[in-house]
Every structure is written in C-alpha cells, then in structure tokens.
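Below is one structure, written out as structure tokens; the observations come after it.
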Amino acid sequence: MAWLMENATEAIARAEGQAFINGDGNKKPKGILRQEIVANANWAWGKLGYIATGKAGGFLPSTPGNAVGDTAATNGADVLFRVIHSLPKKYRARGDWVMNRLTLAEVRMLKDAEGNYLFKDQLTQSGFLSQLLGYPITEAEDMPDIEADAYGIAFGDFSRGYKILDRTGISVKRDDITAPQFDKIYVRKRVGGDVADYQALKLIKFSVN
C-alpha cells in the first residue's frame, strides 16, 4: 500500500501541475495559460497581461553599454525588469518566477548592461536558493519551451494570483468484488484552481511585440 500511495501521489502531482498551467477548466483546474492573454498595455480585469521579449523565439542579445530602462528594449535582460515593475509593489514583494528547466538554462546566461550575470545562487541554511533579480524561481515542466510566440515565463505573487481548492484530499477505495481474484484500488483527489487576482500575475512572450 505504501508503494501504491507513493506512485499515486506522484501521478496526481504531475496531473495537477499540468492542469494549473494548461487545464481547460472542464472537470479540472483552469490553467494560467488558458486565460485570455493580452499585451500588458491593453490589460483589463479578467485578462492576463504579457510583455514581449522583442525577439521571436528568444531574448534580444545581451549588448553591454545599453542601459536597462530605455524606452525600447535593447538588451535581453530588459524584459525581466519590465515584468517585475509592471506589477504593483504589494505583489512584487512576494514575486516568484515560473518556467521550465530548458528556459531556465537560457535565463542563467542572461547578462545586464555591464555584462554581469543576472542569475544568482545563494547559500542558505537549507541549501542553495536560486534567484533571478532577487526573486525565487519555481521550475514547472509544463510551461512552454522558448519558441516563437510562446508564453514561456510567468512572474508574480501566485499566492494571491492563483487559488487552488483541495476539496477532499486523497481518498482510496478498494474493490474486490467486480473482478474476482483481483483487487482494484481507486485513488481519487478533487482539486480546483483558477486565477483569482489578474493584477498579481504577468507573462513573458517570446515575440517581437
């Protein structure tokens, strides 16, 4: 039974992770990438805003000497600063980056205008804490890879922005009647999820605009 519960819990966690990102809301959570998504300049309640990297399928080159904060994006790192400061202060305080491992590998190589890497590993009592511009990073394998028009990175206060409702926890039911000489084990968990605060989350889109 311990082996069964361990594997069932792992399978449920994978399914939940996929649903929180891409779920369509039909008997499952509605994921952040299944919301209505618009350019941040056109943001309104009920929609998630995005900021473009300025390049289809990637980041702009990291060019030393271009100041972050110019009107036009000139450096691959610009979009990260813009996403952070597109959120009100109350959400930035608990900001978190979400991306998959392949995207993270590319982000680790981004540099600022002076050629310094943006990604930092900080040693804490519990081990290494990976941070990007001072904010922690969560790996989510169901986030898209870097490709043209993909919303590959999310940033924001997910504790406010996305609400998860666990209705019953995990329930286990044994059936040794319908298939004689065999035991069927039904493992069930009911979970709901949806965006609760559209101001708290932003996306990065790998596109020109």
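Note on naming: chains are A, B, ... as they come in the structure tokens, residues start from 1 per chain, ligands start from 1 in the order shown.
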
Could you produce a table of the residues of segment 138-160 of chain A lying within 12 Å of segment 81-85 of chain A, with the nearest pair of atoms per residue and their separation in Å rounded to one decimal, using only C-alpha atoms, ordered by chain and increasing residue number, as CSV?
residue,atom,partner,partner_atom,distance
A:Ile153,CA,A:Val83,CA,10.1
A:Ala154,CA,A:Val83,CA,9.0
A:Phe155,CA,A:Val83,CA,7.3
A:Gly156,CA,A:Ile84,CA,7.8
A:Asp157,CA,A:Ile84,CA,10.7

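Distances here use only C-alpha atoms; by that measure, the residue among A:Lys27, A:Lys55, A:Lys120, A:Arg101 closest to Asp78 of chain A is A:Lys55.
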
Within 10 Å of Arg160 of chain A, counting only C-alpha atoms, which residues show up once you throw out same-chain ones fewer than 2 positions away? Write them as an MDAnalysis selection string, please. chainID A and resid 91 94 156:158 162:163 195:201

With a distance cut-off of 8 Å and only C-alpha atoms, select the neighbouring residues of segment 133-146 of chain A, excluding the residue or stretch itself and same-chain residues fewer than 3 positions from it, and output the selection as a list in words. Gly17, Gln18, Ile21, Asn22, Gly57, Gly58, Gly95, Asp96, Trp97, Val98, Met99, Asn100, Arg101, Leu102, Thr103, Leu104, Leu118, Phe119, Lys120, Leu129, Ser130, Ala150, Tyr151, Gly152, Ile153 and Phe206 of chain A

Shell around Gly54 of chain A at 12 Å using only C-alpha atoms, local window under 4 positions removed, as a list in words: Tyr50, Gly58, Phe59, Leu60, Pro61, Ala72, Ala73, Thr74, Asn75, Gly76, Ala77, Asp78, Val79, Leu80, Ala148, Asp149, Ile204, Lys205, Phe206, Ser207, Val208 and Asn209 of chain A

Could you tell me, as an NGL selection string, which residues of segment 43-145 of chain A DSSP assigns to alpha helix (DSSP H) when given the backbone? :A and (78-85 or 89-92 or 101-107)

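Residue nearest Asp166 of chain A, chosen from A:Lys28, A:Pro88, A:Ala52, A:Ala39 and counting only C-alpha atoms: A:Lys28.
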
Residue set, segment 38-161 of chain A restricted to strand (DSSP E or B), as a ChimeraX atom specification: /A:38-39,47-52,96-99,111,117,119-124,127-132,135-139,151-156

Those selected residues, please, written with C-alpha atoms and delivered as a PDB file, in the first residue's frame.
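See result08.pdb below for the written result:
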ATOM      1  CA  VAL A  38      -3.327  40.431 -23.930  1.00  0.00           C
ATOM      2  CA  ALA A  39      -0.408  42.823 -24.322  1.00  0.00           C
ATOM      3  CA  LYS A  47      -7.197  39.116 -18.587  1.00  0.00           C
ATOM      4  CA  LEU A  48      -3.531  38.354 -18.009  1.00  0.00           C
ATOM      5  CA  GLY A  49      -1.023  40.813 -19.384  1.00  0.00           C
ATOM      6  CA  TYR A  50       2.178  39.888 -21.185  1.00  0.00           C
ATOM      7  CA  ILE A  51       5.370  41.719 -22.060  1.00  0.00           C
ATOM      8  CA  ALA A  52       7.254  40.693 -25.210  1.00  0.00           C
ATOM      9  CA  ASP A  96       8.155  34.305  -7.989  1.00  0.00           C
ATOM     10  CA  TRP A  97       9.410  33.280 -11.434  1.00  0.00           C
ATOM     11  CA  VAL A  98       7.881  30.179 -13.045  1.00  0.00           C
ATOM     12  CA  MET A  99       9.453  28.494 -16.077  1.00  0.00           C
ATOM     13  CA  LYS A 111      23.608  39.427 -18.506  1.00  0.00           C
ATOM     14  CA  TYR A 117      25.088  37.513 -14.967  1.00  0.00           C
ATOM     15  CA  PHE A 119      21.153  34.685 -12.113  1.00  0.00           C
ATOM     16  CA  LYS A 120      22.400  34.163  -8.565  1.00  0.00           C
ATOM     17  CA  ASP A 121      22.728  31.097  -6.357  1.00  0.00           C
ATOM     18  CA  GLN A 122      22.509  31.989  -2.679  1.00  0.00           C
ATOM     19  CA  LEU A 123      23.653  29.584   0.023  1.00  0.00           C
ATOM     20  CA  THR A 124      21.120  29.319   2.847  1.00  0.00           C
ATOM     21  CA  GLY A 127      20.848  24.642   0.797  1.00  0.00           C
ATOM     22  CA  PHE A 128      21.236  26.685  -2.372  1.00  0.00           C
ATOM     23  CA  LEU A 129      18.462  29.112  -3.267  1.00  0.00           C
ATOM     24  CA  SER A 130      18.312  30.080  -6.926  1.00  0.00           C
ATOM     25  CA  GLN A 131      17.273  33.672  -7.523  1.00  0.00           C
ATOM     26  CA  LEU A 132      16.741  35.863 -10.555  1.00  0.00           C
ATOM     27  CA  TYR A 135      13.216  36.646  -6.707  1.00  0.00           C
ATOM     28  CA  PRO A 136      12.985  32.851  -6.291  1.00  0.00           C
ATOM     29  CA  ILE A 137      12.445  30.510  -9.223  1.00  0.00           C
ATOM     30  CA  THR A 138       9.984  27.630  -9.470  1.00  0.00           C
ATOM     31  CA  GLU A 139      10.543  25.024 -12.170  1.00  0.00           C
ATOM     32  CA  TYR A 151       4.387  32.399 -23.066  1.00  0.00           C
ATOM     33  CA  GLY A 152       7.401  30.727 -21.540  1.00  0.00           C
ATOM     34  CA  ILE A 153       7.832  32.627 -18.263  1.00  0.00           C
ATOM     35  CA  ALA A 154       5.363  33.748 -15.637  1.00  0.00           C
ATOM     36  CA  PHE A 155       6.074  36.141 -12.794  1.00  0.00           C
ATOM     37  CA  GLY A 156       4.042  37.370  -9.877  1.00  0.00           C
TER      38      GLY A 156
END

At a cut-off of 9 Å, using only C-alpha atoms, what residues contact Pro29 of chain A? Leave out same-chain residues fewer than 5 positions from it and give the result as a VMD selection string. chain A and resid 16 19 to 24 164 191 to 194

Could those selected residues go to a file with C-alpha atoms, as a JSON list (two decimals), in the first residue's frame?
[["chain", "number", "residue", "atom", "x", "y", "z"],
["A", 16, "GLU", "CA", -2.15, 18.84, -11.10],
["A", 19, "ALA", "CA", -3.69, 21.47, -15.11],
["A", 20, "PHE", "CA", -2.50, 24.52, -13.17],
["A", 21, "ILE", "CA", -0.62, 25.60, -16.31],
["A", 22, "ASN", "CA", -2.74, 24.32, -19.21],
["A", 23, "GLY", "CA", -6.00, 22.97, -17.78],
["A", 24, "ASP", "CA", -9.14, 23.98, -19.70],
["A", 164, "ILE", "CA", -6.13, 26.23, -5.50],
["A", 191, "VAL", "CA", -8.83, 19.85, -6.91],
["A", 192, "GLY", "CA", -9.97, 23.14, -8.39],
["A", 193, "GLY", "CA", -7.90, 26.11, -9.48],
["A", 194, "ASP", "CA", -8.22, 29.40, -11.34]]

What is the distance between atom CA of Arg190 of chain A and atom CA of Asn26 of chain A, in Å to one decimal? 12.8 Å
